[in-house]
Amino acid sequence: MTAPVPGPVPGPPAPARHGWSDALFTVVAGLLAMGVVAALGLWAAGAPGLPDSAYPRVVAATVVTAVGGTVEMRGDAGGLVRTEGDLSVLPLSVTLAGALVIGAGFLRPLRHGAPTGGAGLAGWALRIAVLWVAALLGPAFAARQLFRISLGEGAARELTELFGISPEVGFTTDVPLTVLFGLLWLAGVFVLALLVARRAPLPGPAARLRAAAGPVAYAMVGLLLGSVGVGAVIGLVVAASRGHAADTFAVLLLGLPNLVWPVFTLGLGATWHGRVDGPFGLPVPRLLDQVLRGPDVSTLDLRTLAEYDGQVWWLVAVDAVLVLGAACVLAARSPARTPLWRLAAGMAVGLVLTVLMICLVCRISAHYGLSVLGIGSLGGDLAGELLLRPETWRALGLAALWGLVAGVAGGLLTEGTRRARARGGHGSGTGA
């Protein structure tokens with residue numbers, strides 16, 4: 001009886017590729033996600049009704065600003081009419097959508113066994129970066145538009161008709177700065193993705209850095225996403241129960257983190273200053289708009305908000321739950337024998353850096369004015385100011401205090417789990 005001929009021994013699964021086609025898929029998916037979120041948000045805000053079929057170009061401008069690109073306001077009305085203005089705001093819902101999609105695409109082949117090492121990882125990142133620059137040039141060149149404006153009735157209109165001038169206002173893009181900031185944004189997404197994903201292989205020094213900073217980064221990303229999730233749930237409830245659903249969805253799809261993250265810092269005790277004047281408006285509940293819309297710059301903190309609605313003190317309790325949850329995540333992902341003081345220090349540093357990021361990306365500055373023959377601003381719908389800025393050092397000091405307390409509390413709450421891991425020989429933490 002002949003022995004059966006053994007079949008081929010199955011080898012290990014082929015590693016995931018990370019070539020140009022994979023990089024192209026990652027870039028296209030990320031840019032498409034940003035474009036869809038921006039388009040839906042602007043559609044809910046009524047942008048399809050803009051004149052001169054400007055809606056696609058406004059979508060392009062929103063994508064450009066979402067990655068830190070520069071969109072400049074401009075006017076064209078000859079030498080008799082002067083226009084001036086600036087706009088500094090990030091549509092962070094669009095930013096977040098792109099970061100999540102591109103980060104996931106960047107990590108996918110690394111998590112599935114694609115060969116890396118320092119050179120391989122750099123080559124994979126470079127492929128995405130090259131295609132990202134090429135893709136970003138499209139919206140950067142498309143984001144430019146001029147609108148002809150009406151000066152209404154009165155002396156202003158008579159002057160423009162007398163001299164035959166037709167004022168126009170609009171926006172354009174600084175393409176080189178857009179590419180530069182877009183690359184810096186992409187590099188930040190790469191670094192953060194590698195810090196929070198421990199299954200992605202890294203060369204020795206980078207792996208040691210991730211072992212030290214990764215648990216903090218993971219906890220802070222979870223904190224930020226958790227606060228956005230809470231805000232999204234509240235927004236959906238408001239849209240379903242109080243009407244004005246289109247306005248609410250515009251906020252959710254364009255600037256939910258712009259609202260949620262500063263409110264999170266308010267719950268920590270931070271102070272912001274702001275002003276809303278003219279046609280501009282902040283994507284905020286009516287309570288915040290009431291505080292900010294005044295003749296002077298207003299102070300925005302728990303005390304001033306409580307003068308209008310005492311329920312704002314619940315922000316402190318919500319923040320306590322979010323920060324304590326992040327501290328427990330940090331302790332659970334840290335080596336089992338990490339002492340409490342290190343957990344407290346790591347949580348304090350992480351929360352300080354997180355609040356600093358919020359203070360930098362959530363500040364808003366916008367103003368616009370127009371004058372004829374140099375005679376002041378025409379006012380009305382043609383002038384306005386929008387301002388929101390934090391007291392940064394106060395916010396950072398409070399974040400450090402919250403982080404120290406929460407780090408100790410999180411370590412104590414997870415002490416039993418950490419001891420069990422240490423006895424079981426899993427001192428390096430749990431994988432994810």
# chains A, B, ... in the order shown; residues from 1 in each chain; ligands from 1
$ residues_around --residues "region 393-401 of chain A" --least-positions-apart "2" --cutoff "7 Å" --atoms "only C-alpha atoms" --output "list of chain:residue names"
A:Leu268, A:Gly269, A:Ala270, A:Ala348, A:Val349, A:Leu351, A:Val352, A:Val355, A:Leu356, A:Glu391, A:Gly403, A:Leu404, A:Val405
$ write_last_selection --atoms "N, CA, C and O atoms" --output "compact mmCIF listing (two decimals), in the first residue's frame"
# COMPACT_ATOMS: atom_id res chain seq x y z
N LEU A 268 -13.30 72.32 32.95
CA LEU A 268 -12.09 72.23 33.77
C LEU A 268 -11.85 73.51 34.56
O LEU A 268 -11.00 73.53 35.46
N GLY A 269 -12.57 74.59 34.21
CA GLY A 269 -12.39 75.87 34.88
C GLY A 269 -11.71 76.91 34.03
O GLY A 269 -11.41 78.01 34.52
N ALA A 270 -11.47 76.62 32.76
CA ALA A 270 -10.77 77.56 31.89
C ALA A 270 -11.66 78.75 31.54
O ALA A 270 -12.88 78.72 31.71
N ALA A 348 -1.00 64.23 33.73
CA ALA A 348 -0.91 65.69 33.75
C ALA A 348 -0.29 66.22 32.47
O ALA A 348 -0.81 67.17 31.86
N VAL A 349 0.81 65.60 32.03
CA VAL A 349 1.45 66.05 30.80
C VAL A 349 0.52 65.87 29.62
O VAL A 349 0.37 66.76 28.75
N LEU A 351 -2.79 65.73 29.54
CA LEU A 351 -3.93 66.64 29.56
C LEU A 351 -3.49 68.07 29.26
O LEU A 351 -4.22 68.82 28.59
N VAL A 352 -2.31 68.46 29.72
CA VAL A 352 -1.80 69.80 29.40
C VAL A 352 -1.60 69.94 27.89
O VAL A 352 -2.00 70.94 27.28
N VAL A 355 -5.06 70.14 26.17
CA VAL A 355 -5.70 71.44 26.32
C VAL A 355 -4.96 72.50 25.50
O VAL A 355 -5.58 73.40 24.93
N LEU A 356 -3.64 72.40 25.43
CA LEU A 356 -2.88 73.33 24.58
C LEU A 356 -3.32 73.19 23.13
O LEU A 356 -3.49 74.20 22.42
N GLU A 391 -7.72 82.02 27.62
CA GLU A 391 -6.62 82.36 28.53
C GLU A 391 -5.77 81.10 28.67
O GLU A 391 -6.02 80.24 29.52
N GLY A 403 -5.08 66.66 35.79
CA GLY A 403 -4.36 65.47 35.36
C GLY A 403 -3.68 64.75 36.51
O GLY A 403 -3.70 63.51 36.58
N LEU A 404 -3.07 65.50 37.43
CA LEU A 404 -2.42 64.89 38.58
C LEU A 404 -3.43 64.13 39.44
O LEU A 404 -3.20 62.97 39.82
N VAL A 405 -4.53 64.78 39.75
CA VAL A 405 -5.55 64.14 40.60
C VAL A 405 -6.15 62.92 39.89
O VAL A 405 -6.30 61.83 40.48
$ residues_around --residues "Gly235 (chain A)" --least-positions-apart "3" --cutoff "8 Å" --atoms "only C-alpha atoms" --output "list in words"
Gly231, Ala232, Val238, Ala239, Thr248, Phe249 and Leu252 of chain A
$ closest_residue --among "A:Pro139, A:Gly49, A:Gly350, A:Pro109" --to "Met34 (chain A)" --atoms "only C-alpha atoms"
A:Pro139
$ atom_distance --atom1 "CA of Arg333 (chain A)" --atom2 "CA of Ala317 (chain A)"
24.5 Å
$ select_by_dssp --residues "region 99-339 of chain A" --states "strand (DSSP E)" --output "PyMOL selection string"
chain A and resi 145-148+168-174+272-277+298-300
$ residues_around --residues "Arg198 (chain A)" --least-positions-apart "4" --cutoff "12 Å" --atoms "only C-alpha atoms" --output "list of chain:residue names"
A:Leu107, A:Leu110, A:Arg111, A:Leu192, A:Ala193, A:Leu194, A:Leu202, A:Ala206, A:Ala207, A:Arg208, A:Leu209, A:Arg210, A:Ala211, A:Ala212, A:Ala213, A:Gly214, A:Pro215, A:Ala217, A:Tyr218, A:Arg333, A:Ser334, A:Ser428, A:Gly429, A:Thr430, A:Gly431, A:Ala432
$ write_last_selection --atoms "N, CA and C atoms" --output "short mmCIF file (atom, residue, chain, number, x, y, z; two decimals), in the first residue's frame"
data_model
loop_
_atom_site.label_atom_id
_atom_site.label_comp_id
_atom_site.auth_asym_id
_atom_site.auth_seq_id
_atom_site.Cartn_x
_atom_site.Cartn_y
_atom_site.Cartn_z
N LEU A 107 -2.32 52.78 8.83
CA LEU A 107 -2.00 51.67 9.75
C LEU A 107 -2.39 50.30 9.21
N LEU A 110 0.35 47.98 8.01
CA LEU A 110 1.31 47.75 9.08
C LEU A 110 0.77 46.76 10.10
N ARG A 111 -0.52 46.84 10.37
CA ARG A 111 -1.13 45.92 11.33
C ARG A 111 -1.29 44.51 10.78
N LEU A 192 0.68 60.44 15.39
CA LEU A 192 -0.34 60.07 16.36
C LEU A 192 -0.85 58.66 16.12
N ALA A 193 -1.02 58.28 14.85
CA ALA A 193 -1.49 56.93 14.54
C ALA A 193 -0.50 55.88 15.03
N LEU A 194 0.79 56.13 14.84
CA LEU A 194 1.80 55.16 15.29
C LEU A 194 1.89 55.10 16.81
N LEU A 202 7.53 49.02 14.70
CA LEU A 202 8.39 50.19 14.62
C LEU A 202 9.83 49.77 14.88
N ALA A 206 12.10 54.14 17.92
CA ALA A 206 10.71 54.59 17.84
C ALA A 206 9.79 53.71 18.67
N ALA A 207 10.11 52.40 18.74
CA ALA A 207 9.29 51.49 19.55
C ALA A 207 9.43 51.84 21.03
N ARG A 208 10.62 52.20 21.46
CA ARG A 208 10.80 52.59 22.87
C ARG A 208 10.07 53.89 23.18
N LEU A 209 10.09 54.82 22.24
CA LEU A 209 9.34 56.06 22.44
C LEU A 209 7.85 55.79 22.55
N ARG A 210 7.35 54.89 21.69
CA ARG A 210 5.93 54.58 21.75
C ARG A 210 5.57 53.88 23.06
N ALA A 211 6.47 53.01 23.56
CA ALA A 211 6.20 52.34 24.83
C ALA A 211 6.04 53.34 25.96
N ALA A 212 6.79 54.46 25.88
CA ALA A 212 6.71 55.47 26.94
C ALA A 212 5.53 56.42 26.75
N ALA A 213 5.31 56.86 25.51
CA ALA A 213 4.30 57.89 25.26
C ALA A 213 2.99 57.33 24.75
N GLY A 214 2.99 56.11 24.25
CA GLY A 214 1.79 55.55 23.64
C GLY A 214 0.57 55.49 24.55
N PRO A 215 0.70 55.00 25.80
CA PRO A 215 -0.50 54.96 26.67
C PRO A 215 -1.12 56.34 26.90
N ALA A 217 -0.88 58.97 24.83
CA ALA A 217 -1.50 59.40 23.58
C ALA A 217 -2.83 58.68 23.35
N TYR A 218 -2.86 57.38 23.63
CA TYR A 218 -4.10 56.62 23.45
C TYR A 218 -5.20 57.16 24.36
N ARG A 333 -3.24 50.61 30.19
CA ARG A 333 -2.32 50.37 29.07
C ARG A 333 -0.86 50.55 29.46
N SER A 334 -0.60 51.07 30.65
CA SER A 334 0.77 51.25 31.10
C SER A 334 1.31 49.94 31.67
N SER A 428 4.00 44.46 30.73
CA SER A 428 4.13 45.50 29.71
C SER A 428 2.81 46.09 29.29
N GLY A 429 1.72 45.60 29.88
CA GLY A 429 0.42 46.16 29.52
C GLY A 429 -0.30 45.29 28.54
N THR A 430 -1.55 45.60 28.34
CA THR A 430 -2.39 44.84 27.43
C THR A 430 -2.23 45.34 26.02
N GLY A 431 -2.34 44.45 25.09
CA GLY A 431 -2.21 44.84 23.69
C GLY A 431 -3.51 45.31 23.11
N ALA A 432 -3.36 46.08 22.06
CA ALA A 432 -4.55 46.57 21.35
C ALA A 432 -4.16 46.89 19.94
#
$ select_by_dssp --residues "region 37-283 of chain A" --states "alpha helix (DSSP H)" --output "ChimeraX atom specification"
/A:37-44,55-66,92-111,117-142,155-163,175-196,204-241,245-268
$ residues_around --residues "Ala39 (chain A)" --least-positions-apart "5" --cutoff "9 Å" --atoms "only C-alpha atoms" --output "PDB file with N, CA and C atoms, in the first residue's frame"
ATOM      1  N   MET A  34     -13.412  63.852   3.703  1.00  0.00           N
ATOM      2  CA  MET A  34     -13.453  65.273   4.058  1.00  0.00           C
ATOM      3  C   MET A  34     -14.405  66.036   3.153  1.00  0.00           C
ATOM      4  N   ALA A  44     -26.384  71.633   4.583  1.00  0.00           N
ATOM      5  CA  ALA A  44     -27.301  71.885   5.698  1.00  0.00           C
ATOM      6  C   ALA A  44     -27.307  73.359   6.088  1.00  0.00           C
ATOM      7  N   ALA A  47     -25.493  76.521   1.822  1.00  0.00           N
ATOM      8  CA  ALA A  47     -24.506  76.985   0.848  1.00  0.00           C
ATOM      9  C   ALA A  47     -24.886  76.729  -0.605  1.00  0.00           C
ATOM     10  N   TYR A  55     -21.010  76.945  -4.707  1.00  0.00           N
ATOM     11  CA  TYR A  55     -21.039  75.886  -3.706  1.00  0.00           C
ATOM     12  C   TYR A  55     -19.842  74.933  -3.797  1.00  0.00           C
ATOM     13  N   PRO A  56     -19.485  74.395  -4.974  1.00  0.00           N
ATOM     14  CA  PRO A  56     -18.317  73.488  -5.023  1.00  0.00           C
ATOM     15  C   PRO A  56     -17.022  74.157  -4.588  1.00  0.00           C
ATOM     16  N   VAL A  58     -16.751  76.621  -2.430  1.00  0.00           N
ATOM     17  CA  VAL A  58     -16.789  76.787  -0.973  1.00  0.00           C
ATOM     18  C   VAL A  58     -16.471  75.458  -0.289  1.00  0.00           C
ATOM     19  N   VAL A  59     -16.951  74.345  -0.855  1.00  0.00           N
ATOM     20  CA  VAL A  59     -16.593  73.026  -0.326  1.00  0.00           C
ATOM     21  C   VAL A  59     -15.086  72.826  -0.403  1.00  0.00           C
ATOM     22  N   ALA A  60     -14.480  73.189  -1.532  1.00  0.00           N
ATOM     23  CA  ALA A  60     -13.029  73.056  -1.678  1.00  0.00           C
ATOM     24  C   ALA A  60     -12.297  73.906  -0.653  1.00  0.00           C
ATOM     25  N   THR A  62     -13.370  74.762   2.267  1.00  0.00           N
ATOM     26  CA  THR A  62     -13.547  74.146   3.577  1.00  0.00           C
ATOM     27  C   THR A  62     -12.567  73.001   3.770  1.00  0.00           C
ATOM     28  N   LEU A 253     -21.617  68.626  11.377  1.00  0.00           N
ATOM     29  CA  LEU A 253     -20.796  68.195  10.252  1.00  0.00           C
ATOM     30  C   LEU A 253     -19.645  69.140   9.945  1.00  0.00           C
TER      31      LEU A 253
END
$ atom_distance --atom1 "CA of Ala344 (chain A)" --atom2 "CA of Ala327 (chain A)"
8.4 Å
$ closest_residue --among "A:Val191, A:Ala336, A:Ala240, A:Leu324" --to "Ala122 (chain A)" --atoms "only C-alpha atoms"
A:Val191
$ closest_residue --among "A:Trp185, A:Phe25, A:Asp52, A:Leu340" --to "Arg418 (chain A)" --atoms "only C-alpha atoms"
A:Leu340
$ closest_residue --among "A:Gly123, A:Gly105, A:Leu42, A:Thr173" --to "Met73 (chain A)" --atoms "only C-alpha atoms"
A:Thr173
$ closest_residue --among "A:Val276, A:Val312, A:Ala140, A:Val221" --to "Pro295 (chain A)" --atoms "only C-alpha atoms"
A:Val276
